[in-house]
Amino acid sequence: MKEQSLLHIILAYLAVINVVTFFMYGIDKRRSTSGRLLPTGRKKTKMSKLRIRETTLLGLAVLGGSIGAWSGMKIWHHKTLHKKFKYGVPAIIIVQLTLIGYLLKRWLGN
C-alpha cells in the first residue's frame, strides 16, 4: 500500500510539472511576440523584460517536465530552432525514460 501511495505522488508530481512546463512555454512565446516593432520604429520592450529565462525552461524539463516542454515547443512553435532546445529536450526525455525503465526494472525485481 505504501508503494502505491508513493507511485501516486510521483505520477501527480509529473502531471503537474508537465502542465506547468507546457504553459510556461506558451507564456514565454506570447511574451516574445509582444516585442515587435511599433509603427514608429521603436521596439515595445515592456513584455520582453518579463520573458522566462531559457535556463528556467530547460530546468523545468530536467525536473520532470520534459514531455510538457516538448509539447510546448511543438504546440506553441517556440524555441524549435534553438539547438539547445531542439536537441536538448529530446535528450532529456531519453535520459528520463531510461532512468524510469531502470528504476521500474529494479523495483519490480526482474
# chains A, B, ... in the order shown; residues from 1 in each chain; ligands from 1

$ residues_around --residues "A:Thr21" --least-positions-apart "2" --cutoff "8 Å" --atoms "only C-alpha atoms" --output "NGL selection string"
:A and (17-19 or 23-25 or 57 or 60-61 or 65-66 or 68-69 or 72)

$ select_by_dssp --residues "chain A" --states "helix (DSSP H, G or I)" --output "PyMOL selection string"
chain A and resi 2-33+48-50+54-76+83-86+88-108

$ write_last_selection --atoms "C-alpha atoms" --output "PDB file, in the first residue's frame"
ATOM      1  CA  LYS A   2       2.847   2.350   0.844  1.00  0.00           C
ATOM      2  CA  GLU A   3       4.413   1.792  -2.584  1.00  0.00           C
ATOM      3  CA  GLN A   4       1.123   2.642  -4.316  1.00  0.00           C
ATOM      4  CA  SER A   5       0.803   5.961  -2.487  1.00  0.00           C
ATOM      5  CA  LEU A   6       4.393   6.829  -3.424  1.00  0.00           C
ATOM      6  CA  LEU A   7       3.630   5.959  -7.038  1.00  0.00           C
ATOM      7  CA  HIS A   8       0.529   8.188  -6.952  1.00  0.00           C
ATOM      8  CA  ILE A   9       2.564  11.078  -5.543  1.00  0.00           C
ATOM      9  CA  ILE A  10       5.192  10.658  -8.260  1.00  0.00           C
ATOM     10  CA  LEU A  11       2.567  10.485 -11.009  1.00  0.00           C
ATOM     11  CA  ALA A  12       0.768  13.552  -9.636  1.00  0.00           C
ATOM     12  CA  TYR A  13       4.068  15.448  -9.497  1.00  0.00           C
ATOM     13  CA  LEU A  14       4.888  14.513 -13.091  1.00  0.00           C
ATOM     14  CA  ALA A  15       1.429  15.550 -14.270  1.00  0.00           C
ATOM     15  CA  VAL A  16       1.670  18.941 -12.536  1.00  0.00           C
ATOM     16  CA  ILE A  17       5.259  19.707 -13.622  1.00  0.00           C
ATOM     17  CA  ASN A  18       4.445  18.826 -17.234  1.00  0.00           C
ATOM     18  CA  VAL A  19       1.307  21.000 -17.331  1.00  0.00           C
ATOM     19  CA  VAL A  20       3.203  23.897 -15.722  1.00  0.00           C
ATOM     20  CA  THR A  21       6.109  23.494 -18.147  1.00  0.00           C
ATOM     21  CA  PHE A  22       3.780  23.356 -21.150  1.00  0.00           C
ATOM     22  CA  PHE A  23       2.096  26.610 -20.180  1.00  0.00           C
ATOM     23  CA  MET A  24       5.401  28.300 -19.325  1.00  0.00           C
ATOM     24  CA  TYR A  25       6.483  27.730 -22.929  1.00  0.00           C
ATOM     25  CA  GLY A  26       3.196  29.239 -24.103  1.00  0.00           C
ATOM     26  CA  ILE A  27       3.548  32.251 -21.800  1.00  0.00           C
ATOM     27  CA  ASP A  28       7.106  32.883 -22.969  1.00  0.00           C
ATOM     28  CA  LYS A  29       6.037  32.567 -26.608  1.00  0.00           C
ATOM     29  CA  ARG A  30       3.299  35.125 -26.092  1.00  0.00           C
ATOM     30  CA  ARG A  31       5.698  37.494 -24.381  1.00  0.00           C
ATOM     31  CA  SER A  32       8.272  37.049 -27.136  1.00  0.00           C
ATOM     32  CA  THR A  33       5.843  38.082 -29.849  1.00  0.00           C
ATOM     33  CA  SER A  48      10.266  41.365 -23.291  1.00  0.00           C
ATOM     34  CA  LYS A  49      11.647  42.218 -19.838  1.00  0.00           C
ATOM     35  CA  LEU A  50       9.203  39.688 -18.414  1.00  0.00           C
ATOM     36  CA  GLU A  54      15.982  29.725 -21.114  1.00  0.00           C
ATOM     37  CA  THR A  55      17.642  28.123 -18.084  1.00  0.00           C
ATOM     38  CA  THR A  56      14.262  28.107 -16.334  1.00  0.00           C
ATOM     39  CA  LEU A  57      12.543  26.488 -19.306  1.00  0.00           C
ATOM     40  CA  LEU A  58      15.245  23.813 -19.590  1.00  0.00           C
ATOM     41  CA  GLY A  59      15.343  23.395 -15.810  1.00  0.00           C
ATOM     42  CA  LEU A  60      11.646  22.591 -15.749  1.00  0.00           C
ATOM     43  CA  ALA A  61      12.292  19.914 -18.375  1.00  0.00           C
ATOM     44  CA  VAL A  62      15.093  18.421 -16.272  1.00  0.00           C
ATOM     45  CA  LEU A  63      12.877  18.421 -13.167  1.00  0.00           C
ATOM     46  CA  GLY A  64      10.422  16.097 -14.893  1.00  0.00           C
ATOM     47  CA  GLY A  65       8.595  18.392 -17.299  1.00  0.00           C
ATOM     48  CA  SER A  66      10.333  17.194 -20.446  1.00  0.00           C
ATOM     49  CA  ILE A  67       7.147  15.940 -22.117  1.00  0.00           C
ATOM     50  CA  GLY A  68       5.467  19.273 -21.330  1.00  0.00           C
ATOM     51  CA  ALA A  69       8.494  21.114 -22.742  1.00  0.00           C
ATOM     52  CA  TRP A  70       8.480  19.082 -25.937  1.00  0.00           C
ATOM     53  CA  SER A  71       4.705  19.517 -26.295  1.00  0.00           C
ATOM     54  CA  GLY A  72       5.015  23.258 -25.652  1.00  0.00           C
ATOM     55  CA  MET A  73       7.709  23.547 -28.292  1.00  0.00           C
ATOM     56  CA  LYS A  74       5.511  21.761 -30.826  1.00  0.00           C
ATOM     57  CA  ILE A  75       2.145  23.369 -29.990  1.00  0.00           C
ATOM     58  CA  TRP A  76       3.379  26.926 -29.404  1.00  0.00           C
ATOM     59  CA  LYS A  83      19.870  23.870 -30.785  1.00  0.00           C
ATOM     60  CA  LYS A  84      19.902  23.505 -27.005  1.00  0.00           C
ATOM     61  CA  PHE A  85      16.119  23.047 -27.095  1.00  0.00           C
ATOM     62  CA  LYS A  86      15.864  21.195 -30.414  1.00  0.00           C
ATOM     63  CA  GLY A  88      18.386  19.104 -25.503  1.00  0.00           C
ATOM     64  CA  VAL A  89      14.733  18.441 -24.713  1.00  0.00           C
ATOM     65  CA  PRO A  90      14.613  15.136 -26.650  1.00  0.00           C
ATOM     66  CA  ALA A  91      17.891  14.115 -24.961  1.00  0.00           C
ATOM     67  CA  ILE A  92      16.361  14.890 -21.551  1.00  0.00           C
ATOM     68  CA  ILE A  93      13.310  12.776 -22.465  1.00  0.00           C
ATOM     69  CA  ILE A  94      15.533   9.845 -23.457  1.00  0.00           C
ATOM     70  CA  VAL A  95      17.563  10.078 -20.236  1.00  0.00           C
ATOM     71  CA  GLN A  96      14.422  10.305 -18.114  1.00  0.00           C
ATOM     72  CA  LEU A  97      12.716   7.375 -19.860  1.00  0.00           C
ATOM     73  CA  THR A  98      15.881   5.298 -19.488  1.00  0.00           C
ATOM     74  CA  LEU A  99      16.036   6.153 -15.788  1.00  0.00           C
ATOM     75  CA  ILE A 100      12.356   5.308 -15.308  1.00  0.00           C
ATOM     76  CA  GLY A 101      12.835   1.994 -17.116  1.00  0.00           C
ATOM     77  CA  TYR A 102      15.841   1.145 -14.952  1.00  0.00           C
ATOM     78  CA  LEU A 103      14.029   2.043 -11.731  1.00  0.00           C
ATOM     79  CA  LEU A 104      10.914   0.073 -12.705  1.00  0.00           C
ATOM     80  CA  LYS A 105      13.042  -2.947 -13.557  1.00  0.00           C
ATOM     81  CA  ARG A 106      14.763  -2.792 -10.171  1.00  0.00           C
ATOM     82  CA  TRP A 107      11.511  -2.085  -8.333  1.00  0.00           C
ATOM     83  CA  LEU A 108       9.691  -4.987  -9.940  1.00  0.00           C
TER      84      LEU A 108
END

$ decode --residues "stretch 85-98 of chain A" --atoms "all heavy atoms" --output "PDB file, in the first residue's frame"
ATOM      1  N   PHE A  85      17.482  23.536 -27.298  1.00  0.00           N
ATOM      2  CA  PHE A  85      16.119  23.047 -27.095  1.00  0.00           C
ATOM      3  C   PHE A  85      15.794  21.930 -28.093  1.00  0.00           C
ATOM      4  O   PHE A  85      15.227  20.910 -27.727  1.00  0.00           O
ATOM      5  CB  PHE A  85      15.105  24.186 -27.232  1.00  0.00           C
ATOM      6  CG  PHE A  85      15.125  25.133 -26.081  1.00  0.00           C
ATOM      7  CD1 PHE A  85      15.963  26.237 -26.082  1.00  0.00           C
ATOM      8  CD2 PHE A  85      14.323  24.921 -24.976  1.00  0.00           C
ATOM      9  CE1 PHE A  85      15.993  27.110 -25.010  1.00  0.00           C
ATOM     10  CE2 PHE A  85      14.338  25.788 -23.895  1.00  0.00           C
ATOM     11  CZ  PHE A  85      15.189  26.886 -23.919  1.00  0.00           C
ATOM     12  N   LYS A  86      16.161  22.154 -29.350  1.00  0.00           N
ATOM     13  CA  LYS A  86      15.864  21.195 -30.414  1.00  0.00           C
ATOM     14  C   LYS A  86      16.458  19.821 -30.119  1.00  0.00           C
ATOM     15  O   LYS A  86      15.827  18.792 -30.380  1.00  0.00           O
ATOM     16  CB  LYS A  86      16.415  21.732 -31.746  1.00  0.00           C
ATOM     17  CG  LYS A  86      16.095  20.896 -32.943  1.00  0.00           C
ATOM     18  CD  LYS A  86      16.626  21.566 -34.195  1.00  0.00           C
ATOM     19  CE  LYS A  86      16.303  20.769 -35.431  1.00  0.00           C
ATOM     20  NZ  LYS A  86      16.791  21.446 -36.647  1.00  0.00           N
ATOM     21  N   TYR A  87      17.674  19.801 -29.579  1.00  0.00           N
ATOM     22  CA  TYR A  87      18.339  18.533 -29.263  1.00  0.00           C
ATOM     23  C   TYR A  87      18.330  18.235 -27.769  1.00  0.00           C
ATOM     24  O   TYR A  87      18.344  17.074 -27.369  1.00  0.00           O
ATOM     25  CB  TYR A  87      19.775  18.548 -29.781  1.00  0.00           C
ATOM     26  CG  TYR A  87      19.844  18.767 -31.275  1.00  0.00           C
ATOM     27  CD1 TYR A  87      20.392  19.929 -31.810  1.00  0.00           C
ATOM     28  CD2 TYR A  87      19.336  17.825 -32.158  1.00  0.00           C
ATOM     29  CE1 TYR A  87      20.440  20.141 -33.176  1.00  0.00           C
ATOM     30  CE2 TYR A  87      19.374  18.024 -33.528  1.00  0.00           C
ATOM     31  CZ  TYR A  87      19.933  19.185 -34.034  1.00  0.00           C
ATOM     32  OH  TYR A  87      19.968  19.388 -35.390  1.00  0.00           O
ATOM     33  N   GLY A  88      18.307  19.275 -26.953  1.00  0.00           N
ATOM     34  CA  GLY A  88      18.386  19.104 -25.503  1.00  0.00           C
ATOM     35  C   GLY A  88      17.141  18.479 -24.907  1.00  0.00           C
ATOM     36  O   GLY A  88      17.236  17.550 -24.089  1.00  0.00           O
ATOM     37  N   VAL A  89      15.979  18.973 -25.287  1.00  0.00           N
ATOM     38  CA  VAL A  89      14.733  18.441 -24.713  1.00  0.00           C
ATOM     39  C   VAL A  89      14.529  16.972 -25.089  1.00  0.00           C
ATOM     40  O   VAL A  89      14.249  16.153 -24.209  1.00  0.00           O
ATOM     41  CB  VAL A  89      13.522  19.334 -25.090  1.00  0.00           C
ATOM     42  CG1 VAL A  89      12.216  18.674 -24.686  1.00  0.00           C
ATOM     43  CG2 VAL A  89      13.653  20.708 -24.433  1.00  0.00           C
ATOM     44  N   PRO A  90      14.712  16.571 -26.356  1.00  0.00           N
ATOM     45  CA  PRO A  90      14.613  15.136 -26.650  1.00  0.00           C
ATOM     46  C   PRO A  90      15.660  14.296 -25.897  1.00  0.00           C
ATOM     47  O   PRO A  90      15.366  13.183 -25.468  1.00  0.00           O
ATOM     48  CB  PRO A  90      14.824  15.055 -28.163  1.00  0.00           C
ATOM     49  CG  PRO A  90      14.378  16.378 -28.671  1.00  0.00           C
ATOM     50  CD  PRO A  90      14.795  17.350 -27.606  1.00  0.00           C
ATOM     51  N   ALA A  91      16.860  14.837 -25.714  1.00  0.00           N
ATOM     52  CA  ALA A  91      17.891  14.115 -24.961  1.00  0.00           C
ATOM     53  C   ALA A  91      17.462  13.934 -23.507  1.00  0.00           C
ATOM     54  O   ALA A  91      17.659  12.867 -22.916  1.00  0.00           O
ATOM     55  CB  ALA A  91      19.220  14.866 -25.036  1.00  0.00           C
ATOM     56  N   ILE A  92      16.861  14.976 -22.927  1.00  0.00           N
ATOM     57  CA  ILE A  92      16.361  14.890 -21.551  1.00  0.00           C
ATOM     58  C   ILE A  92      15.270  13.825 -21.456  1.00  0.00           C
ATOM     59  O   ILE A  92      15.239  13.035 -20.510  1.00  0.00           O
ATOM     60  CB  ILE A  92      15.848  16.262 -21.064  1.00  0.00           C
ATOM     61  CG1 ILE A  92      17.012  17.251 -20.938  1.00  0.00           C
ATOM     62  CG2 ILE A  92      15.107  16.138 -19.734  1.00  0.00           C
ATOM     63  CD1 ILE A  92      16.580  18.705 -20.753  1.00  0.00           C
ATOM     64  N   ILE A  93      14.382  13.786 -22.444  1.00  0.00           N
ATOM     65  CA  ILE A  93      13.310  12.776 -22.465  1.00  0.00           C
ATOM     66  C   ILE A  93      13.913  11.374 -22.496  1.00  0.00           C
ATOM     67  O   ILE A  93      13.500  10.490 -21.737  1.00  0.00           O
ATOM     68  CB  ILE A  93      12.363  12.992 -23.663  1.00  0.00           C
ATOM     69  CG1 ILE A  93      11.549  14.274 -23.483  1.00  0.00           C
ATOM     70  CG2 ILE A  93      11.428  11.791 -23.837  1.00  0.00           C
ATOM     71  CD1 ILE A  93      10.742  14.674 -24.701  1.00  0.00           C
ATOM     72  N   ILE A  94      14.909  11.164 -23.345  1.00  0.00           N
ATOM     73  CA  ILE A  94      15.533   9.845 -23.457  1.00  0.00           C
ATOM     74  C   ILE A  94      16.193   9.445 -22.138  1.00  0.00           C
ATOM     75  O   ILE A  94      16.025   8.309 -21.670  1.00  0.00           O
ATOM     76  CB  ILE A  94      16.550   9.821 -24.619  1.00  0.00           C
ATOM     77  CG1 ILE A  94      15.803   9.907 -25.955  1.00  0.00           C
ATOM     78  CG2 ILE A  94      17.442   8.575 -24.559  1.00  0.00           C
ATOM     79  CD1 ILE A  94      16.685  10.170 -27.149  1.00  0.00           C
ATOM     80  N   VAL A  95      16.914  10.370 -21.515  1.00  0.00           N
ATOM     81  CA  VAL A  95      17.563  10.078 -20.236  1.00  0.00           C
ATOM     82  C   VAL A  95      16.516   9.750 -19.175  1.00  0.00           C
ATOM     83  O   VAL A  95      16.662   8.780 -18.414  1.00  0.00           O
ATOM     84  CB  VAL A  95      18.456  11.257 -19.792  1.00  0.00           C
ATOM     85  CG1 VAL A  95      18.912  11.092 -18.353  1.00  0.00           C
ATOM     86  CG2 VAL A  95      19.656  11.390 -20.714  1.00  0.00           C
ATOM     87  N   GLN A  96      15.452  10.538 -19.120  1.00  0.00           N
ATOM     88  CA  GLN A  96      14.422  10.305 -18.114  1.00  0.00           C
ATOM     89  C   GLN A  96      13.696   8.978 -18.337  1.00  0.00           C
ATOM     90  O   GLN A  96      13.426   8.247 -17.385  1.00  0.00           O
ATOM     91  CB  GLN A  96      13.431  11.466 -18.080  1.00  0.00           C
ATOM     92  CG  GLN A  96      14.039  12.714 -17.480  1.00  0.00           C
ATOM     93  CD  GLN A  96      13.117  13.914 -17.543  1.00  0.00           C
ATOM     94  OE1 GLN A  96      12.114  13.927 -18.257  1.00  0.00           O
ATOM     95  NE2 GLN A  96      13.466  14.953 -16.790  1.00  0.00           N
ATOM     96  N   LEU A  97      13.380   8.651 -19.577  1.00  0.00           N
ATOM     97  CA  LEU A  97      12.716   7.375 -19.860  1.00  0.00           C
ATOM     98  C   LEU A  97      13.632   6.197 -19.543  1.00  0.00           C
ATOM     99  O   LEU A  97      13.174   5.165 -19.035  1.00  0.00           O
ATOM    100  CB  LEU A  97      12.242   7.318 -21.310  1.00  0.00           C
ATOM    101  CG  LEU A  97      11.066   8.231 -21.660  1.00  0.00           C
ATOM    102  CD1 LEU A  97      10.756   8.147 -23.153  1.00  0.00           C
ATOM    103  CD2 LEU A  97       9.841   7.891 -20.839  1.00  0.00           C
ATOM    104  N   THR A  98      14.912   6.344 -19.830  1.00  0.00           N
ATOM    105  CA  THR A  98      15.881   5.298 -19.488  1.00  0.00           C
ATOM    106  C   THR A  98      15.950   5.105 -17.977  1.00  0.00           C
ATOM    107  O   THR A  98      15.945   3.977 -17.481  1.00  0.00           O
ATOM    108  CB  THR A  98      17.269   5.646 -20.049  1.00  0.00           C
ATOM    109  OG1 THR A  98      17.165   5.828 -21.464  1.00  0.00           O
ATOM    110  CG2 THR A  98      18.284   4.562 -19.748  1.00  0.00           C
TER     111      THR A  98
END
